[in-house]
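**Student:** Next comes the structure file structure_37.txt, holding compact mmCIF, C-alpha atoms.
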# COMPACT_ATOMS: atom_id res chain seq x y z
CA MET A 133 -149.70 -71.93 151.46
CA ARG A 134 -149.28 -70.60 147.93
CA MET A 135 -152.65 -68.87 148.23
CA GLU A 136 -151.61 -67.20 151.48
CA THR A 137 -148.35 -65.82 150.12
CA SER A 138 -150.04 -64.49 146.98
CA SER A 139 -152.80 -62.79 148.99
CA LEU A 140 -150.15 -61.34 151.31
CA ASN A 141 -148.37 -60.06 148.22
CA ILE A 142 -151.57 -58.46 146.95
CA ILE A 143 -152.10 -56.78 150.32
CA MET A 144 -148.53 -55.47 150.26
CA GLN A 145 -149.04 -54.10 146.75
CA ALA A 146 -152.32 -52.45 147.74
CA THR A 147 -150.66 -50.87 150.79
CA PHE A 148 -147.77 -49.60 148.68
CA TRP A 149 -149.96 -48.00 146.04
CA GLY A 150 -152.25 -46.60 148.72
CA THR A 151 -149.23 -44.97 150.34
CA VAL A 152 -148.14 -43.54 146.99
CA ALA A 153 -151.66 -42.19 146.39
CA LEU A 154 -151.73 -40.64 149.87
CA THR A 155 -148.34 -39.00 149.22
CA ILE A 156 -149.49 -37.41 145.99
CA ALA A 157 -152.87 -36.40 147.44
CA GLY A 158 -151.15 -34.80 150.43
CA ALA A 159 -148.70 -32.94 148.19
CA SER A 160 -151.58 -31.64 146.07
CA ILE A 161 -153.43 -30.49 149.17
CA ALA A 162 -150.21 -28.84 150.34
CA VAL A 163 -149.91 -26.82 147.13
CA PHE A 164 -153.30 -26.05 145.62
CA PRO A 165 -155.90 -24.90 148.22
CA ARG A 166 -155.80 -21.22 149.09
CA ASN A 167 -156.43 -21.72 152.81
CA ILE A 168 -153.03 -22.00 154.48
CA LEU A 169 -154.25 -24.37 157.21
CA TYR A 170 -155.30 -26.95 154.61
CA ASN A 171 -151.81 -26.61 153.13
CA VAL A 172 -150.17 -27.48 156.44
CA LEU A 173 -152.46 -30.46 156.99
CA GLY A 174 -151.73 -31.68 153.45
CA LEU A 175 -148.01 -31.30 154.13
CA ALA A 176 -148.35 -33.39 157.29
CA LEU A 177 -150.23 -36.06 155.31
CA ALA A 178 -147.59 -36.10 152.56
CA LEU A 179 -144.71 -36.29 155.05
CA THR A 180 -146.35 -39.12 156.99
CA SER A 181 -146.91 -41.16 153.86
CA ILE A 182 -143.32 -40.48 152.75
CA ALA A 183 -142.31 -42.01 156.08
CA GLY A 184 -144.39 -45.01 155.01
CA LEU A 185 -142.47 -45.13 151.73
CA TYR A 186 -139.18 -45.12 153.67
CA ASN A 187 -140.53 -48.08 155.58
CA PHE A 188 -141.19 -49.83 152.26
CA LEU A 189 -137.59 -49.01 151.31
CA GLY A 190 -136.47 -51.02 154.32
CA SER A 191 -135.34 -48.25 156.60
CA PHE A 192 -137.52 -48.09 159.68
CA PHE A 193 -135.11 -45.75 161.47
CA ILE A 194 -135.28 -43.04 158.80
CA ALA A 195 -139.08 -43.39 158.74
CA LEU A 196 -139.14 -42.73 162.50
CA MET A 197 -136.80 -39.76 162.08
CA GLN A 198 -139.04 -38.41 159.32
CA LEU A 199 -142.08 -38.62 161.60
CA LEU A 200 -140.18 -37.07 164.50
CA ILE A 201 -138.44 -34.20 162.69
CA TYR A 202 -140.77 -33.30 159.85
CA VAL A 203 -144.24 -34.12 161.14
CA GLY A 204 -143.47 -33.54 164.80
CA ALA A 205 -141.28 -30.45 164.60
CA ILE A 206 -141.50 -28.62 161.28
CA CYS A 207 -145.27 -28.89 160.80
CA ILE A 208 -145.86 -27.72 164.37
CA ALA A 209 -143.46 -24.79 163.82
CA ILE A 210 -145.34 -23.82 160.66
CA VAL A 211 -148.65 -23.97 162.57
CA PHE A 212 -147.12 -21.66 165.19
CA ALA A 213 -146.03 -19.22 162.50
CA ILE A 214 -149.56 -19.24 161.04
CA MET A 215 -150.98 -18.59 164.50
CA LEU A 216 -148.62 -15.67 165.09
CA SER A 217 -149.01 -14.02 161.73
CA ARG A 218 -152.77 -14.33 161.04
CA PRO A 219 -152.50 -14.76 157.28
CA LEU A 220 -156.05 -16.07 157.08
CA HIS A 221 -157.47 -12.57 157.27
CA LEU A 222 -155.40 -11.25 154.43
CA GLU A 223 -156.91 -12.64 151.26
CA THR A 224 -154.98 -12.09 148.05
CA PRO A 225 -156.55 -11.95 144.60
CA PRO A 226 -155.95 -15.06 142.49
CA ARG A 227 -152.98 -15.16 140.14
CA ALA A 228 -153.47 -13.99 136.57
CA THR A 229 -154.10 -16.92 134.22
CA PRO A 230 -150.96 -16.49 132.03
CA LYS A 231 -148.74 -16.65 135.12
CA VAL A 232 -150.49 -19.81 136.34
CA ALA A 233 -150.10 -21.37 132.90
CA MET A 234 -146.40 -20.48 132.77
CA GLY A 235 -145.69 -21.90 136.24
CA VAL A 236 -147.55 -25.13 135.52
CA ALA A 237 -145.79 -25.42 132.15
CA ALA A 238 -142.36 -24.96 133.75
CA SER A 239 -142.90 -27.71 136.27
CA ALA A 240 -144.53 -29.95 133.64
CA VAL A 241 -141.39 -29.58 131.50
CA PHE A 242 -139.28 -30.59 134.49
CA PHE A 243 -141.55 -33.56 135.23
CA VAL A 244 -141.52 -34.87 131.66
CA ALA A 245 -137.73 -34.49 131.45
CA ALA A 246 -137.12 -36.25 134.77
CA VAL A 247 -139.52 -39.11 134.01
CA SER A 248 -138.04 -39.68 130.56
CA VAL A 249 -134.53 -39.77 132.04
CA VAL A 250 -135.71 -42.26 134.68
CA LEU A 251 -137.38 -44.51 132.13
CA LYS A 252 -134.59 -44.38 129.53
CA THR A 253 -131.69 -45.06 131.88
CA ASP A 254 -130.68 -48.63 132.49
CA TRP A 255 -130.11 -48.58 136.25
CA LEU A 256 -127.45 -51.10 137.24
CA PRO A 257 -126.55 -51.83 140.86
CA SER A 258 -122.94 -51.25 141.79
CA PRO A 259 -120.83 -54.42 141.41
CA ALA A 260 -119.41 -53.92 144.91
CA ARG A 261 -122.90 -53.94 146.39
CA VAL A 262 -123.57 -56.35 149.25
CA ALA A 263 -127.26 -57.24 149.29
CA ASP A 264 -127.37 -57.93 153.00
CA ALA A 265 -130.33 -56.62 154.96
CA SER A 266 -128.27 -56.38 158.15
CA LEU A 267 -126.40 -53.45 156.62
CA TRP A 268 -129.58 -51.36 156.93
CA SER A 269 -129.58 -51.65 160.68
CA VAL A 270 -129.46 -48.80 163.18
CA GLU A 271 -126.15 -50.09 164.53
CA ASN A 272 -124.47 -49.58 161.18
CA ILE A 273 -125.92 -46.08 160.81
CA GLY A 274 -124.69 -45.14 164.27
CA HIS A 275 -121.28 -46.63 163.59
CA ALA A 276 -120.90 -44.69 160.35
CA LEU A 277 -122.17 -41.50 162.01
CA LEU A 278 -119.56 -41.70 164.73
CA THR A 279 -116.60 -42.80 162.61
CA ARG A 280 -116.53 -41.74 158.99
CA TYR A 281 -119.14 -38.99 159.08
CA GLU A 282 -118.42 -37.57 162.50
CA LEU A 283 -117.13 -34.21 161.25
CA VAL A 284 -120.29 -33.69 159.17
CA PHE A 285 -122.40 -34.72 162.16
CA GLU A 286 -120.72 -32.12 164.40
CA VAL A 287 -120.95 -29.43 161.72
CA ILE A 288 -124.68 -30.12 161.37
CA SER A 289 -125.15 -29.62 165.09
CA LEU A 290 -123.17 -26.35 164.86
CA VAL A 291 -125.41 -25.23 161.97
CA LEU A 292 -128.49 -26.05 164.05
CA LEU A 293 -127.14 -24.03 166.99
CA VAL A 294 -126.38 -21.03 164.75
CA ALA A 295 -129.83 -21.35 163.15
CA ILE A 296 -131.57 -21.34 166.52
CA ILE A 297 -129.62 -18.28 167.72
CA GLY A 298 -130.27 -16.56 164.40
CA ALA A 299 -133.98 -17.31 164.58
CA VAL A 300 -134.21 -15.88 168.10
CA ILE A 301 -132.31 -12.74 167.08
CA THR A 302 -134.27 -12.23 163.86
CA ALA A 303 -137.65 -12.65 165.52
CA GLY A 304 -136.66 -10.70 168.65
CA PHE A 305 -134.87 -7.67 167.19
CA SER A 306 -137.66 -6.80 164.81
CA ARG A 307 -140.07 -6.71 167.73
CA ARG A 308 -137.84 -4.24 169.54
CA LEU A 309 -137.53 -2.10 166.43
CA SER A 310 -141.23 -1.97 165.64
CA SER A 311 -142.51 -1.25 169.14
CA MET B 44 -144.15 -52.26 142.94
CA ASN B 45 -140.85 -51.69 144.73
CA SER B 46 -138.80 -50.94 141.69
CA LEU B 47 -136.41 -48.04 141.49
CA ALA B 48 -138.35 -46.33 138.70
CA THR B 49 -141.56 -46.19 140.78
CA TYR B 50 -139.86 -44.31 143.59
CA LEU B 51 -138.06 -41.99 141.18
CA ILE B 52 -141.30 -41.12 139.37
CA VAL B 53 -143.12 -40.46 142.66
CA SER B 54 -140.24 -38.24 143.72
CA ALA B 55 -140.30 -36.37 140.38
CA LEU B 56 -144.04 -35.81 140.83
CA LEU B 57 -143.48 -34.44 144.35
CA PHE B 58 -140.71 -32.18 143.04
CA SER B 59 -142.91 -30.75 140.29
CA LEU B 60 -145.76 -30.14 142.74
CA GLY B 61 -143.31 -28.28 144.98
CA LEU B 62 -142.04 -26.31 141.98
CA ILE B 63 -145.61 -25.29 141.12
CA GLY B 64 -146.05 -24.22 144.73
CA ILE B 65 -142.89 -22.09 144.73
CA LEU B 66 -143.73 -20.47 141.41
CA LEU B 67 -147.40 -19.73 142.09
CA ARG B 68 -147.87 -19.06 145.80
CA ARG B 69 -147.43 -15.54 147.13
CA ASN B 70 -147.99 -16.50 150.74
CA LEU B 71 -144.55 -16.86 152.32
CA ILE B 72 -145.65 -19.79 154.49
CA GLY B 73 -147.04 -21.49 151.40
CA MET B 74 -143.66 -21.11 149.70
CA LEU B 75 -141.94 -22.60 152.76
CA ILE B 76 -144.29 -25.61 152.60
CA ALA B 77 -143.38 -26.05 148.92
CA VAL B 78 -139.67 -25.97 149.81
CA GLU B 79 -140.27 -28.76 152.33
CA LEU B 80 -141.88 -30.79 149.53
CA LEU B 81 -138.80 -30.25 147.33
CA LEU B 82 -136.43 -31.36 150.09
CA ASN B 83 -138.53 -34.44 150.73
CA SER B 84 -138.51 -35.47 147.10
CA ALA B 85 -134.69 -35.20 147.07
CA ASN B 86 -134.59 -37.29 150.23
CA LEU B 87 -136.83 -39.92 148.66
CA ASN B 88 -134.41 -40.09 145.72
CA PHE B 89 -131.46 -40.59 148.05
CA MET B 90 -133.25 -43.36 149.93
CA ALA B 91 -134.32 -45.11 146.71
CA PHE B 92 -130.81 -45.07 145.24
CA ASN B 93 -129.52 -46.21 148.60
CA ARG B 94 -131.92 -49.15 148.63
CA PHE B 95 -131.33 -50.33 145.07
CA LEU B 96 -127.94 -49.25 143.71
CA THR B 97 -125.22 -48.10 146.10
CA PRO B 98 -122.33 -50.30 147.22
CA ASP B 99 -122.65 -49.19 150.84
CA PRO B 100 -126.32 -49.01 151.91
CA VAL B 101 -125.63 -46.74 154.89
CA VAL B 102 -124.52 -43.62 153.00
CA GLY B 103 -127.92 -42.71 151.56
CA GLN B 104 -129.61 -42.96 154.95
CA ILE B 105 -126.96 -40.75 156.53
CA ILE B 106 -127.37 -38.15 153.78
CA ALA B 107 -131.15 -38.28 154.32
CA LEU B 108 -130.56 -37.62 158.04
CA PHE B 109 -128.32 -34.64 157.24
CA VAL B 110 -130.91 -33.23 154.84
CA MET B 111 -133.53 -33.51 157.60
CA GLY B 112 -131.29 -31.60 160.02
CA LEU B 113 -130.61 -28.87 157.48
CA ALA B 114 -134.33 -28.68 156.67
CA ALA B 115 -135.04 -28.12 160.35
CA ALA B 116 -132.50 -25.27 160.44
CA GLU B 117 -133.97 -23.80 157.25
CA ALA B 118 -137.50 -23.96 158.62
CA ALA B 119 -136.48 -22.23 161.87
CA ILE B 120 -134.70 -19.39 160.04
CA GLY B 121 -137.45 -19.08 157.43
CA LEU B 122 -140.24 -18.92 159.98
CA SER B 123 -138.43 -16.29 162.06
CA ILE B 124 -137.86 -14.21 158.90
CA ILE B 125 -141.57 -14.57 158.11
CA LEU B 126 -142.46 -13.35 161.63
CA ALA B 127 -140.11 -10.35 161.31
CA PHE B 128 -141.56 -9.57 157.89
CA TYR B 129 -145.10 -9.79 159.23
CA ARG B 130 -144.32 -7.40 162.07
CA LYS B 131 -142.92 -4.87 159.64
CA MET B 132 -145.39 -5.14 156.78
CA HIS B 133 -148.52 -6.55 158.54
CA SER B 134 -148.82 -9.06 155.73
CA ILE B 135 -146.99 -12.17 154.57
CA ASN B 136 -147.68 -11.60 150.90
CA ILE B 137 -144.36 -11.78 149.06
CA GLU B 138 -145.33 -8.93 146.73
CA ARG B 139 -145.27 -6.50 149.65
CA ALA B 140 -141.52 -7.08 150.01
CA GLN B 141 -140.47 -4.39 147.55
CA ARG B 142 -138.78 -1.79 149.69
CA LEU B 143 -135.51 -2.10 147.77
CA LYS B 144 -137.38 -1.43 144.54
CA GLY B 145 -137.38 2.31 145.34
As structure tokens, what does this structure read like?
**Tutor:**
Amino acid sequence: MRMETSSLNIIMQATFWGTVALTIAGASIAVFPRNILYNVLGLALALTSIAGLYNFLGSFFIALMQLLIYVGAICIAIVFAIMLSRPLHLETPPRATPKVAMGVAASAVFFVAAVSVVLKTDWLPSPARVADASLWSVENIGHALLTRYELVFEVISLVLLVAIIGAVITAGFSRRLSS
Amino acid sequence: MNSLATYLIVSALLFSLGLIGILLRRNLIGMLIAVELLLNSANLNFMAFNRFLTPDPVVGQIIALFVMGLAAAEAAIGLSIILAFYRKMHSINIERAQRLKG
């Protein structure tokens, strides 16, 4: 019995670190290759493995939403934009080396600062925290969405409506102007 | 595994990769992809704090949902702006957007 639980633990650890490695590999593929299609596929990989990380964090619902919204909607929309704008034919010369060095240095400074803050802080859970797994359930999320956060919920849907109308107008008017 | 620091470091790494992407790419779609990476790293932070620290473990998930909705709106607007830009300039290189430069 002890052997089984420890091997299960090892499998869980291996899955977790594999998910982390997939996340970072996907993010690197999303940023570094010069072919934009590889970037989109890397983004989809990174977003899917972040959904896996949400699952490790105990929130299956948010993982599903991540798959549905990010991988299912945003990646497909980006693929559509690539299809409509043909950027593959328009090669750009590579960046000058000093600019690359400065960009990488800026984000390295951010990374070092953030990691040192994370490692130096003594993170304490809130004393009012209830460590009850039932609080993570979909029922509680829905209850909070429709009681305490209902105004924000409605405003988000209004923002989405305005964004859709704005997208249609922006993409449609320019066609009328250019033709 | 499964400690708060692990998730925070992964999220910091994602954020710096997205920052590199925003600073170095000149393809507008590439910059949009980098912005999605930044939003996801912020979301991962919210979910990690929600799992390990907060008094009410629903708030972080709701904020993550709101960020996803706003990211969808941002992607729709951004992609339509990219399409309009492409129709005008026949390119999606950001350095062609210099009409206001005179």
**Student:** For a quick test of understanding: name the residues of chain B lying within 7 Å of chain A when counting only C-alpha atoms, and present them as a PyMOL selection string.
**Tutor:** chain B and resi 44+48+51-52+55-57+59-60+62-64+66-67+73+76-77+91+94-101+104-105+112+115-116+118-120+122-124+126-127+129+131+134-135
**Student:** When you draw a straight line from CA of Leu154 (chain A) to CA of Ser181 (chain A), how long is it in Å?
**Tutor:**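 Computed distance, CA of Leu154 (chain A) to CA of Ser181 (chain A), equals 6.3 Å.
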**Student:** Rounded to one decimal in Å, what is the spacing between CA of Val203 (chain A) and CA of Thr180 (chain A)?
**Tutor:**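 Pair CA of Val203 (chain A) / CA of Thr180 (chain A) returns 6.8 Å.
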**Student:** Using Å and a single decimal, report how far CA of Val78 (chain B) sits from CA of Tyr50 (chain B).
**Tutor:**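 Between CA of Tyr50 (chain B) and CA of Val78 (chain B) the gap is 19.4 Å.
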**Student:** Compare B:Ile125, B:Val102, B:Arg142, B:Phe92 by their minimum atom-to-atom distance to Leu75 (chain B), counting only C-alpha atoms, and give me the closest one.
**Tutor:**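 Looking at the shortest contact to Leu75 (chain B), the residue is B:Ile125.
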**Student:** Where atoms are missing, can you supply all heavy atoms for region 236-247 of chain A and output the lot as a CSV table (one decimal), keeping the file's coordinate frame?
**Tutor:**
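The result, stored in part-v7.csv:
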chain,number,residue,atom,x,y,z
A,236,VAL,N,-147.2,-23.7,135.7
A,236,VAL,CA,-147.6,-25.1,135.5
A,236,VAL,C,-146.7,-25.7,134.4
A,236,VAL,O,-146.3,-26.9,134.4
A,236,VAL,CB,-149.1,-25.3,135.3
A,236,VAL,CG1,-149.4,-26.7,134.9
A,236,VAL,CG2,-149.8,-24.9,136.6
A,237,ALA,N,-146.6,-24.9,133.3
A,237,ALA,CA,-145.8,-25.4,132.2
A,237,ALA,C,-144.3,-25.7,132.5
A,237,ALA,O,-143.8,-26.7,132.2
A,237,ALA,CB,-145.9,-24.4,131.0
A,238,ALA,N,-143.8,-24.8,133.3
A,238,ALA,CA,-142.4,-25.0,133.8
A,238,ALA,C,-142.2,-26.3,134.5
A,238,ALA,O,-141.3,-27.1,134.2
A,238,ALA,CB,-141.9,-23.8,134.6
A,239,SER,N,-143.1,-26.5,135.5
A,239,SER,CA,-142.9,-27.7,136.3
A,239,SER,C,-143.3,-28.9,135.5
A,239,SER,O,-142.7,-30.0,135.7
A,239,SER,CB,-143.7,-27.6,137.6
A,239,SER,OG,-145.0,-27.5,137.3
A,240,ALA,N,-144.2,-28.8,134.5
A,240,ALA,CA,-144.5,-30.0,133.6
A,240,ALA,C,-143.3,-30.3,132.8
A,240,ALA,O,-143.1,-31.5,132.6
A,240,ALA,CB,-145.7,-29.6,132.8
A,241,VAL,N,-142.6,-29.3,132.3
A,241,VAL,CA,-141.4,-29.6,131.5
A,241,VAL,C,-140.4,-30.3,132.4
A,241,VAL,O,-139.8,-31.4,131.9
A,241,VAL,CB,-140.8,-28.3,131.0
A,241,VAL,CG1,-139.3,-28.5,130.5
A,241,VAL,CG2,-141.6,-27.7,129.9
A,242,PHE,N,-140.2,-29.9,133.6
A,242,PHE,CA,-139.3,-30.6,134.5
A,242,PHE,C,-139.7,-32.0,134.7
A,242,PHE,O,-138.9,-33.0,134.6
A,242,PHE,CB,-139.2,-29.9,135.8
A,242,PHE,CG,-138.4,-30.7,136.8
A,242,PHE,CD1,-137.1,-30.8,136.8
A,242,PHE,CD2,-139.1,-31.5,137.7
A,242,PHE,CE1,-136.4,-31.6,137.7
A,242,PHE,CE2,-138.5,-32.4,138.6
A,242,PHE,CZ,-137.1,-32.4,138.6
A,243,PHE,N,-141.1,-32.2,134.9
A,243,PHE,CA,-141.6,-33.6,135.2
A,243,PHE,C,-141.3,-34.5,134.0
A,243,PHE,O,-140.9,-35.6,134.2
A,243,PHE,CB,-143.0,-33.5,135.6
A,243,PHE,CG,-143.6,-34.8,135.9
A,243,PHE,CD1,-143.3,-35.5,137.0
A,243,PHE,CD2,-144.6,-35.4,135.1
A,243,PHE,CE1,-143.8,-36.7,137.3
A,243,PHE,CE2,-145.1,-36.6,135.3
A,243,PHE,CZ,-144.8,-37.3,136.5
A,244,VAL,N,-141.7,-34.0,132.8
A,244,VAL,CA,-141.5,-34.9,131.7
A,244,VAL,C,-140.0,-35.2,131.5
A,244,VAL,O,-139.7,-36.4,131.2
A,244,VAL,CB,-142.1,-34.1,130.4
A,244,VAL,CG1,-141.7,-34.9,129.2
A,244,VAL,CG2,-143.6,-34.1,130.6
A,245,ALA,N,-139.2,-34.2,131.6
A,245,ALA,CA,-137.7,-34.5,131.4
A,245,ALA,C,-137.2,-35.5,132.5
A,245,ALA,O,-136.6,-36.5,132.1
A,245,ALA,CB,-136.9,-33.2,131.6
A,246,ALA,N,-137.6,-35.3,133.7
A,246,ALA,CA,-137.1,-36.2,134.8
A,246,ALA,C,-137.6,-37.7,134.5
A,246,ALA,O,-136.9,-38.6,134.6
A,246,ALA,CB,-137.5,-35.7,136.2
A,247,VAL,N,-138.9,-37.8,134.2
A,247,VAL,CA,-139.5,-39.1,134.0
A,247,VAL,C,-138.9,-39.8,132.8
A,247,VAL,O,-138.6,-41.0,132.8
A,247,VAL,CB,-141.0,-39.0,133.9
A,247,VAL,CG1,-141.6,-40.3,133.4
A,247,VAL,CG2,-141.6,-38.7,135.3
